[in-house]
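**Student:** See coords24.tsv below, with TSV, C-alpha atoms.
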```tsv
chain	number	residue	atom	x	y	z
J	297	MET	CA	76.79	100.95	83.73
J	298	ASP	CA	73.12	101.80	83.39
J	299	PRO	CA	72.51	105.30	84.83
J	300	SER	CA	68.79	104.55	85.19
J	301	ALA	CA	69.64	102.09	88.03
J	302	ALA	CA	70.37	105.03	90.36
J	303	GLY	CA	67.87	105.24	93.20
J	304	LYS	CA	66.84	101.58	92.98
J	305	THR	CA	66.32	99.65	96.23
J	306	PHE	CA	66.65	95.86	96.41
J	307	PRO	CA	64.99	93.12	98.52
J	308	PRO	CA	66.31	92.66	102.09
J	309	TYR	CA	68.58	89.73	102.98
J	310	GLU	CA	69.61	88.01	106.21
J	311	VAL	CA	73.14	88.07	107.59
J	312	ARG	CA	73.95	85.83	110.56
J	313	ILE	CA	76.93	87.06	112.58
J	314	GLU	CA	78.56	83.84	113.68
J	315	ARG	CA	81.27	83.62	116.33
J	316	GLY	CA	83.43	81.33	114.18
J	317	LYS	CA	83.24	83.75	111.24
J	318	ILE	CA	84.34	86.64	113.46
J	319	LYS	CA	87.39	84.68	114.64
J	320	GLU	CA	88.19	83.56	111.08
J	321	PHE	CA	88.00	87.17	109.87
J	322	ALA	CA	90.15	88.48	112.74
J	323	ASP	CA	92.71	85.74	112.00
J	324	ALA	CA	92.74	86.77	108.32
J	325	ILE	CA	93.62	90.39	109.13
J	326	GLY	CA	96.17	89.23	111.71
J	327	ASP	CA	94.33	90.78	114.66
J	328	PRO	CA	94.83	88.81	117.92
J	329	ASN	CA	92.35	90.95	119.93
J	330	PRO	CA	90.44	88.69	122.40
J	331	VAL	CA	87.30	90.85	121.92
J	332	TYR	CA	86.84	88.93	118.64
J	333	ARG	CA	87.28	85.49	120.25
J	334	ASP	CA	86.76	85.00	123.97
J	335	PRO	CA	83.43	85.94	125.61
J	336	ASP	CA	85.07	85.72	129.05
J	337	SER	CA	87.95	88.09	128.21
J	338	PRO	CA	87.92	91.47	129.96
J	339	ALA	CA	87.74	93.13	126.52
J	340	ALA	CA	84.59	91.22	125.48
J	341	LYS	CA	82.99	91.74	128.91
J	342	ALA	CA	83.63	95.50	128.63
J	343	ALA	CA	82.26	95.53	125.07
J	344	GLY	CA	79.13	93.54	126.01
J	345	GLY	CA	80.07	90.45	124.00
J	346	ILE	CA	82.19	89.24	121.12
J	347	LEU	CA	82.35	92.19	118.74
J	348	ALA	CA	82.37	92.18	114.95
J	349	PRO	CA	85.62	93.74	113.61
J	350	PRO	CA	85.10	97.10	111.84
J	351	THR	CA	85.41	95.73	108.30
J	352	LEU	CA	83.63	92.37	108.85
J	353	LEU	CA	80.48	93.28	106.93
J	354	ARG	CA	82.60	93.45	103.78
J	355	THR	CA	82.16	89.68	103.84
J	356	PHE	CA	78.43	89.99	103.27
J	357	LEU	CA	78.37	92.80	100.72
J	358	TYR	CA	78.30	90.29	97.89
J	359	GLU	CA	75.74	88.02	99.59
J	360	THR	CA	73.16	89.33	97.17
J	361	ARG	CA	74.18	90.29	93.64
J	362	ASP	CA	70.98	92.24	92.93
J	363	ALA	CA	72.53	95.70	93.19
J	364	VAL	CA	75.68	94.94	91.18
J	365	GLU	CA	73.66	93.14	88.50
J	366	ALA	CA	71.34	96.15	88.21
J	367	LEU	CA	74.40	98.24	87.25
J	368	LYS	CA	74.51	96.19	84.00
J	369	VAL	CA	78.29	96.23	83.77
J	370	ALA	CA	79.48	95.17	80.29
J	371	ASP	CA	83.00	94.03	81.30
J	372	TRP	CA	84.02	93.65	84.95
J	373	SER	CA	87.72	93.96	84.02
J	374	TYR	CA	87.02	97.70	83.63
J	375	ILE	CA	85.61	98.00	87.15
J	376	VAL	CA	87.70	99.30	90.04
J	377	HIS	CA	86.62	99.26	93.69
J	378	GLY	CA	87.60	102.84	94.48
J	379	GLU	CA	86.44	103.32	98.03
J	380	GLN	CA	84.73	101.55	100.92
J	381	GLU	CA	83.09	103.40	103.77
J	382	PHE	CA	81.41	102.17	106.95
J	383	GLU	CA	79.22	104.12	109.37
J	384	TYR	CA	78.93	102.53	112.81
J	385	HIS	CA	75.64	103.22	114.60
J	386	LYS	CA	75.57	100.42	117.20
J	387	PRO	CA	77.89	97.50	118.02
J	388	ILE	CA	77.39	94.20	116.17
J	389	TYR	CA	77.86	91.07	118.32
J	390	ALA	CA	78.35	87.38	117.66
J	391	GLY	CA	74.89	85.84	117.51
J	392	ASP	CA	73.20	88.89	115.96
J	393	VAL	CA	70.93	88.32	113.00
J	394	LEU	CA	71.07	91.33	110.71
J	395	THR	CA	68.86	92.36	107.86
J	396	GLY	CA	70.69	94.08	105.05
J	397	GLN	CA	69.21	96.12	102.27
J	398	ASP	CA	71.02	97.60	99.28
J	399	ARG	CA	70.32	100.79	97.40
J	400	ILE	CA	72.12	102.32	94.44
J	401	VAL	CA	72.65	105.84	95.72
J	402	SER	CA	74.03	107.40	92.55
J	403	ILE	CA	75.69	106.81	89.22
J	404	THR	CA	77.69	109.79	88.01
J	405	GLU	CA	80.14	110.50	85.19
J	406	LYS	CA	83.56	112.09	85.28
J	407	GLU	CA	86.35	112.65	82.75
J	408	SER	CA	89.81	111.29	83.65
J	409	ARG	CA	92.96	111.83	81.57
J	410	ARG	CA	94.47	108.53	82.77
J	411	ALA	CA	91.42	106.29	82.45
J	412	GLY	CA	89.04	108.01	79.98
J	413	LYS	CA	85.38	108.54	80.81
J	414	LEU	CA	84.56	107.28	84.29
J	415	GLN	CA	81.21	106.14	85.62
J	416	ILE	CA	81.06	106.13	89.39
J	417	ALA	CA	78.41	104.09	91.22
J	418	VAL	CA	77.78	104.24	94.95
J	419	ILE	CA	75.97	101.26	96.52
J	420	GLU	CA	74.76	101.65	100.07
J	421	SER	CA	74.01	98.62	102.26
J	422	THR	CA	72.08	99.34	105.45
J	423	PHE	CA	72.01	96.75	108.25
J	424	HIS	CA	69.50	96.48	111.10
J	425	ASN	CA	69.78	93.97	113.95
J	426	GLN	CA	67.13	91.58	115.31
J	427	ARG	CA	65.78	94.39	117.52
J	428	GLY	CA	65.22	96.65	114.52
J	429	GLU	CA	68.12	98.94	115.45
J	430	LYS	CA	70.22	100.38	112.62
J	431	VAL	CA	73.72	99.06	113.35
J	432	GLN	CA	75.80	99.86	110.29
J	433	VAL	CA	75.80	101.41	106.83
J	434	ALA	CA	78.39	100.30	104.28
J	435	ARG	CA	78.99	102.32	101.14
J	436	ARG	CA	81.07	100.99	98.26
J	437	THR	CA	82.18	103.06	95.31
J	438	LEU	CA	82.63	101.16	92.06
J	439	ILE	CA	84.30	102.94	89.15
J	440	GLU	CA	83.97	101.86	85.53
J	441	THR	CA	86.93	103.12	83.54
J	442	GLY	CA	86.81	103.97	79.84
J	443	LYS	CA	89.96	101.94	79.28
J	444	ARG	CA	91.91	99.34	81.19
J	445	ILE	CA	94.23	100.93	83.76
J	446	GLU	CA	97.80	99.58	83.37
J	447	ASP	CA	100.34	99.81	86.16
K	168	MET	CA	93.14	96.69	122.04
K	169	GLY	CA	90.55	97.08	124.76
K	170	GLN	CA	89.61	100.31	126.42
K	171	SER	CA	89.56	103.71	124.69
K	172	PRO	CA	91.90	106.49	125.83
K	173	SER	CA	90.06	109.49	127.27
K	174	PHE	CA	89.07	112.30	124.89
K	175	ASP	CA	91.22	114.76	126.86
K	176	SER	CA	94.35	112.61	126.59
K	177	VAL	CA	94.33	112.66	122.76
K	178	ASN	CA	95.52	115.71	120.81
K	179	VAL	CA	95.61	116.82	117.19
K	180	GLY	CA	98.80	115.44	115.65
K	181	ASP	CA	98.95	112.40	117.95
K	182	ALA	CA	99.91	109.14	116.24
K	183	PRO	CA	99.95	105.52	117.43
K	184	PRO	CA	103.05	103.34	116.97
K	185	PRO	CA	103.05	102.15	113.32
K	186	LEU	CA	101.64	98.66	112.65
K	187	VAL	CA	103.93	96.64	110.38
K	188	CYS	CA	102.25	93.75	108.50
K	189	GLY	CA	104.09	91.18	106.44
K	190	PRO	CA	105.95	90.26	104.39
K	191	VAL	CA	102.50	89.26	103.11
K	192	THR	CA	102.16	85.86	101.48
K	193	ARG	CA	99.84	84.15	99.00
K	194	THR	CA	98.56	82.19	102.00
K	195	ASP	CA	97.52	85.49	103.62
K	196	PHE	CA	95.50	86.31	100.48
K	197	VAL	CA	93.86	82.88	100.43
K	198	ARG	CA	93.00	83.10	104.12
K	199	TYR	CA	91.42	86.53	103.58
K	200	ALA	CA	89.57	85.27	100.48
K	201	GLY	CA	87.91	82.57	102.60
K	202	ALA	CA	87.16	84.91	105.49
K	203	SER	CA	85.83	87.76	103.33
K	204	HIS	CA	84.20	85.73	100.51
K	205	ASP	CA	86.27	87.73	98.01
K	206	PHE	CA	86.95	85.09	95.39
K	207	ASN	CA	88.18	87.37	92.62
K	208	PRO	CA	90.71	84.97	91.02
K	209	ASN	CA	93.28	87.79	90.67
K	210	HIS	CA	93.83	87.34	94.42
K	211	HIS	CA	94.37	83.56	94.58
K	212	ASP	CA	94.83	82.05	91.10
K	213	GLU	CA	98.37	82.72	89.86
K	214	VAL	CA	97.65	81.39	86.35
K	215	TYR	CA	94.54	83.56	85.96
K	216	ALA	CA	96.30	86.63	87.37
K	217	ARG	CA	99.24	86.27	84.92
K	218	GLU	CA	96.90	85.67	81.97
K	219	HIS	CA	95.18	88.92	82.88
K	220	GLY	CA	98.38	90.96	82.73
K	221	ASN	CA	99.46	90.86	86.37
K	222	LYS	CA	102.95	89.83	87.47
K	223	SER	CA	101.35	87.54	90.09
K	224	VAL	CA	98.33	87.40	92.37
K	225	PHE	CA	97.91	90.57	94.40
K	226	GLY	CA	96.35	91.43	97.75
K	227	MET	CA	92.81	92.65	98.35
K	228	GLY	CA	92.48	96.34	99.10
K	229	MET	CA	90.17	95.44	101.97
K	230	LEU	CA	92.92	93.25	103.48
K	231	ALA	CA	95.18	96.31	103.66
K	232	GLY	CA	92.11	98.20	104.93
K	233	GLY	CA	91.62	95.54	107.61
K	234	TYR	CA	95.22	96.03	108.78
K	235	CYS	CA	94.52	99.78	109.09
K	236	ALA	CA	91.28	99.08	111.00
K	237	ARG	CA	93.32	96.99	113.45
K	238	LEU	CA	95.75	99.90	113.95
K	239	LEU	CA	92.77	102.15	114.75
K	240	THR	CA	91.01	99.76	117.16
K	241	ASP	CA	94.29	98.94	118.96
K	242	TRP	CA	94.77	102.70	119.41
K	243	LEU	CA	91.27	104.11	119.96
K	244	GLY	CA	89.63	101.11	121.64
K	245	ASP	CA	87.09	98.42	120.82
K	246	GLY	CA	83.81	99.77	119.51
K	247	ALA	CA	85.05	103.40	119.43
K	248	LEU	CA	84.81	103.91	115.66
K	249	ARG	CA	81.82	105.84	114.32
K	250	ARG	CA	82.96	105.97	110.69
K	251	LEU	CA	85.75	104.47	108.57
K	252	ARG	CA	86.54	105.26	104.94
K	253	ILE	CA	89.14	103.30	102.99
K	254	ARG	CA	90.36	104.51	99.59
K	255	PHE	CA	92.28	102.11	97.37
K	256	ALA	CA	95.39	103.66	95.81
K	257	SER	CA	97.75	100.90	94.57
K	258	ARG	CA	98.04	97.16	94.53
K	259	PHE	CA	100.32	95.10	96.80
K	260	TRP	CA	102.08	91.86	96.07
K	261	PRO	CA	103.41	88.74	97.81
K	262	GLY	CA	106.54	89.71	99.74
K	263	ASP	CA	105.46	93.30	100.35
K	264	VAL	CA	105.66	94.73	103.86
K	265	LEU	CA	102.82	97.14	104.68
K	266	THR	CA	103.25	99.80	107.32
K	267	CYS	CA	100.06	101.37	108.66
K	268	THR	CA	100.17	104.79	110.32
K	269	ALA	CA	97.52	107.23	111.54
K	270	ARG	CA	97.30	110.73	112.93
K	271	VAL	CA	94.64	112.80	114.70
K	272	THR	CA	93.44	115.68	112.49
K	273	LYS	CA	90.56	117.18	114.50
K	274	LYS	CA	88.75	117.04	117.84
K	275	THR	CA	85.14	118.02	118.48
K	276	GLU	CA	83.58	118.16	121.96
K	277	GLU	CA	80.36	116.25	122.57
K	278	VAL	CA	78.32	115.40	125.64
K	279	GLY	CA	80.32	112.92	127.77
K	280	GLY	CA	83.40	113.03	125.55
K	281	GLY	CA	84.09	113.93	121.95
K	282	LEU	CA	84.78	112.93	118.41
K	283	VAL	CA	88.32	112.41	117.20
K	284	GLU	CA	88.97	112.48	113.48
K	285	CYS	CA	92.06	110.90	112.04
K	286	GLU	CA	93.62	110.01	108.72
K	287	PHE	CA	95.57	106.87	108.02
K	288	THR	CA	97.68	105.26	105.31
K	289	SER	CA	99.21	101.90	104.57
K	290	VAL	CA	102.42	102.09	102.52
K	291	ASN	CA	104.66	99.38	101.08
K	292	GLN	CA	108.40	99.00	101.66
K	293	SER	CA	109.08	101.61	98.91
K	294	GLY	CA	106.81	104.17	100.54
K	295	GLU	CA	104.12	103.77	97.89
K	296	VAL	CA	100.61	104.32	99.29
K	297	ILE	CA	98.47	101.17	99.05
K	298	VAL	CA	95.39	102.44	100.88
K	299	ARG	CA	94.57	105.70	102.58
K	300	GLY	CA	91.55	106.82	104.47
K	301	ASP	CA	89.98	108.65	107.34
K	302	ALA	CA	88.01	107.69	110.40
K	303	THR	CA	86.02	109.18	113.25
K	304	ALA	CA	85.90	107.73	116.77
K	305	PHE	CA	84.00	108.69	119.89
K	306	LEU	CA	86.16	108.83	123.02
K	307	PRO	CA	84.67	109.22	126.50
K	308	ARG	CA	85.68	112.10	128.79
K	309	ARG	CA	86.40	109.99	131.94
```
Would you mind giving the structure from this file in structure tokens?
**Tutor:**
Amino acid sequence: MDPSAAGKTFPPYEVRIERGKIKEFADAIGDPNPVYRDPDSPAAKAAGGILAPPTLLRTFLYETRDAVEALKVADWSYIVHGEQEFEYHKPIYAGDVLTGQDRIVSITEKESRRAGKLQIAVIESTFHNQRGEKVQVARRTLIETGKRIED
Amino acid sequence: MGQSPSFDSVNVGDAPPPLVCGPVTRTDFVRYAGASHDFNPNHHDEVYAREHGNKSVFGMGMLAGGYCARLLTDWLGDGALRRLRIRFASRFWPGDVLTCTARVTKKTEEVGGGLVECEFTSVNQSGEVIVRGDATAFLPRR
């Protein structure tokens, strides 16, 4: 990875939160909660609408490849997704139109006995809704290992 | 699912009933690939996965993370989470049964309620940790 990419910010992109996508995602994680499906359910009425599940925005983290391409990874088979974090500022509802923007927070190095020299990149994606409110921040940690990790 | 428990009714050490998912299937991986746009062929293309040194396709870490998120929202209520961190420990395979558990580690009072911190894991049928993580939720006083 290219350490000079740290600190870079990338152009914003649009993410439409569609009701069908929310249901599809909830189905895929086996979650039958009506808050992800039925606007007339007591759960959705209490929540103020059909909610996005907590990990839904994972779906849109690869919408733009700008940030990952800026890392200039030589061989993706040496890359491990180490960690994924979400900060929830406001609810996201079906029908919301979000604007996402990615930033490479840091690229650091670490020595590992099992995997050789590690480079650790943190990419932060910040999402605002159509009212300009910050709704969520997603942070993914990508680790480039010095050698392939065998099981 | 639904409403949050009150902040006062939750104590450090409390744990929800475990959520058992699986045995997971290749179809589960394909469904999650479509839903999450994760088209890494190691998760759906058996030929590719074997050619790249894997015994078969394997599940996405975020699928196991999604199971854990469901455990947390079923327990702490819709929209209660303020933060969720998922750390990927091991891979899981078709036929595995994942058991997700969580536990309250800390409580902090706030106006109108408080923050509850918890840690969670998803383990396979051999007890091997697949994902682990921690989360913070706001619960109302009521």
**Student:** Env of Pro308 (chain J): 10 Å cut, atoms = only C-alpha atoms, seq-sep filter 2 positions within chain, self excluded. Answer as a list in words.
**Tutor:** Thr305, Phe306, Glu310, Val311, Thr360, Leu394, Thr395, Gly396, Gln397, Asp398, Ser421, Thr422 and Phe423 of chain J
**Student:** Could you check how far CA of Gln415 (chain J) sits from CA of Ser373 (chain J), in Å to one decimal?
**Tutor:**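 Pair CA of Gln415 (chain J) / CA of Ser373 (chain J) returns 13.9 Å.
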**Student:** Using all atoms listed in the file, find each residue in region 193-262 of chain K having at least one atom no more than 10 Å away from region 380-393 of chain J; report its shortest atom-to-atom pair and that distance in Å (one decimal), rows by chain then rising number, as a Markdown table.
**Tutor:**
```
| residue | atom | partner | partner_atom | distance |
| --- | --- | --- | --- | --- |
| K:Gly228 | CA | J:Gln380 | CA | 9.5 |
| K:Met229 | CA | J:Gln380 | CA | 8.2 |
| K:Gly232 | CA | J:Gln380 | CA | 9.0 |
| K:Asp245 | CA | J:Pro387 | CA | 9.7 |
| K:Gly246 | CA | J:Pro387 | CA | 6.5 |
| K:Ala247 | CA | J:Tyr384 | CA | 9.1 |
| K:Leu248 | CA | J:Tyr384 | CA | 6.7 |
| K:Arg249 | CA | J:Tyr384 | CA | 4.6 |
| K:Arg250 | CA | J:Glu383 | CA | 4.4 |
| K:Leu251 | CA | J:Phe382 | CA | 5.2 |
| K:Arg252 | CA | J:Glu381 | CA | 4.1 |
| K:Ile253 | CA | J:Gln380 | CA | 5.2 |
| K:Arg254 | CA | J:Gln380 | CA | 6.5 |
| K:Phe255 | CA | J:Gln380 | CA | 8.4 |
```
**Student:** Please put the answer as AutoDock Vina command-line options: centre and edge lengths, in Å with one decimal, of a box along x, y and z that encloses all listed atoms of region 259-269 of chain K plus 6 Å on each side.
**Tutor:**
```
--center_x 102.0 --center_y 98.0 --center_z 103.8 --size_x 21.0 --size_y 30.5 --size_z 27.5
```
**Student:** Mind pulling up the distance from CA of Glu359 (chain J) to CA of Leu347 (chain J)?
**Tutor:**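 If I compute the distance from CA of Leu347 (chain J) to CA of Glu359 (chain J), I get 20.7 Å.
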**Student:** Report, in Å to a single decimal, how far apart CA of Val298 (chain K) and CA of Glu379 (chain J) are.
**Tutor:**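 Computing the Euclidean distance for CA of Glu379 (chain J) and CA of Val298 (chain K) yields 9.4 Å.
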**Student:** Can you work out which residues from chain K touch chain J at a cut-off of 10 Å (counting all atoms listed in the file) and hand them back as a PyMOL selection string?
**Tutor:** chain K and resi 168-170+188-189+194-205+219-221+228-241+244-258+298-304
**Student:** Atoms to include: C-alpha atoms. Write the selected residues as an mmCIF file, keeping the file's coordinate frame.
**Tutor:**
```
data_model
loop_
_atom_site.group_PDB
_atom_site.id
_atom_site.type_symbol
_atom_site.label_atom_id
_atom_site.label_comp_id
_atom_site.auth_asym_id
_atom_site.auth_seq_id
_atom_site.Cartn_x
_atom_site.Cartn_y
_atom_site.Cartn_z
ATOM 1 C CA MET K 168 93.140 96.690 122.040
ATOM 2 C CA GLY K 169 90.550 97.080 124.760
ATOM 3 C CA GLN K 170 89.610 100.310 126.420
ATOM 4 C CA CYS K 188 102.250 93.750 108.500
ATOM 5 C CA GLY K 189 104.090 91.180 106.440
ATOM 6 C CA THR K 194 98.560 82.190 102.000
ATOM 7 C CA ASP K 195 97.520 85.490 103.620
ATOM 8 C CA PHE K 196 95.500 86.310 100.480
ATOM 9 C CA VAL K 197 93.860 82.880 100.430
ATOM 10 C CA ARG K 198 93.000 83.100 104.120
ATOM 11 C CA TYR K 199 91.420 86.530 103.580
ATOM 12 C CA ALA K 200 89.570 85.270 100.480
ATOM 13 C CA GLY K 201 87.910 82.570 102.600
ATOM 14 C CA ALA K 202 87.160 84.910 105.490
ATOM 15 C CA SER K 203 85.830 87.760 103.330
ATOM 16 C CA HIS K 204 84.200 85.730 100.510
ATOM 17 C CA ASP K 205 86.270 87.730 98.010
ATOM 18 C CA HIS K 219 95.180 88.920 82.880
ATOM 19 C CA GLY K 220 98.380 90.960 82.730
ATOM 20 C CA ASN K 221 99.460 90.860 86.370
ATOM 21 C CA GLY K 228 92.480 96.340 99.100
ATOM 22 C CA MET K 229 90.170 95.440 101.970
ATOM 23 C CA LEU K 230 92.920 93.250 103.480
ATOM 24 C CA ALA K 231 95.180 96.310 103.660
ATOM 25 C CA GLY K 232 92.110 98.200 104.930
ATOM 26 C CA GLY K 233 91.620 95.540 107.610
ATOM 27 C CA TYR K 234 95.220 96.030 108.780
ATOM 28 C CA CYS K 235 94.520 99.780 109.090
ATOM 29 C CA ALA K 236 91.280 99.080 111.000
ATOM 30 C CA ARG K 237 93.320 96.990 113.450
ATOM 31 C CA LEU K 238 95.750 99.900 113.950
ATOM 32 C CA LEU K 239 92.770 102.150 114.750
ATOM 33 C CA THR K 240 91.010 99.760 117.160
ATOM 34 C CA ASP K 241 94.290 98.940 118.960
ATOM 35 C CA GLY K 244 89.630 101.110 121.640
ATOM 36 C CA ASP K 245 87.090 98.420 120.820
ATOM 37 C CA GLY K 246 83.810 99.770 119.510
ATOM 38 C CA ALA K 247 85.050 103.400 119.430
ATOM 39 C CA LEU K 248 84.810 103.910 115.660
ATOM 40 C CA ARG K 249 81.820 105.840 114.320
ATOM 41 C CA ARG K 250 82.960 105.970 110.690
ATOM 42 C CA LEU K 251 85.750 104.470 108.570
ATOM 43 C CA ARG K 252 86.540 105.260 104.940
ATOM 44 C CA ILE K 253 89.140 103.300 102.990
ATOM 45 C CA ARG K 254 90.360 104.510 99.590
ATOM 46 C CA PHE K 255 92.280 102.110 97.370
ATOM 47 C CA ALA K 256 95.390 103.660 95.810
ATOM 48 C CA SER K 257 97.750 100.900 94.570
ATOM 49 C CA ARG K 258 98.040 97.160 94.530
ATOM 50 C CA VAL K 298 95.390 102.440 100.880
ATOM 51 C CA ARG K 299 94.570 105.700 102.580
ATOM 52 C CA GLY K 300 91.550 106.820 104.470
ATOM 53 C CA ASP K 301 89.980 108.650 107.340
ATOM 54 C CA ALA K 302 88.010 107.690 110.400
ATOM 55 C CA THR K 303 86.020 109.180 113.250
ATOM 56 C CA ALA K 304 85.900 107.730 116.770
#
```
**Student:** For Trp242 (chain K), which residue out of K:Gln292, K:Asn209, K:Thr275, K:Ser171 is the nearest one, using all atoms listed in the file?
**Tutor:** K:Ser171
**Student:** With a distance cut-off of 8 Å and only C-alpha atoms, select the neighbouring residues of Val290 (chain K), excluding the residue or stretch itself and same-chain residues fewer than 5 positions from it, and output the selection as a ChimeraX atom specification.
**Tutor:** /K:265-267,295-298
**Student:** Considering only C-alpha atoms, can you say which of J:Asp298, J:Glu440, J:Asp334, J:Glu429 comes closest to Ser408 (chain J)?
**Tutor:**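 Nearest to Ser408 (chain J): J:Glu440.
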**Student:** Excluding Thr272 (chain K) and residues on its chain fewer than 5 positions from it, collect all residues at most 12 Å away from it, counting all atoms listed in the file, and give them as a list in words.
**Tutor:**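 The residues satisfying every condition are Val177, Asn178, Val179, Gly180, Asp181, Ala182, Leu282, Val283, Glu284, Cys285, Glu286, Phe287, Asp301, Ala302, Thr303 and Ala304 of chain K.
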**Student:** So that I can check the surroundings of Leu306 (chain K), please list as a list of chain:residue names every protein, DNA and RNA residue that reaches within 6 Å of it, counting only C-alpha atoms and ignoring chain neighbours fewer than 3 positions away.
**Tutor:** K:Ser173, K:Phe174, K:Gly280, K:Gly281
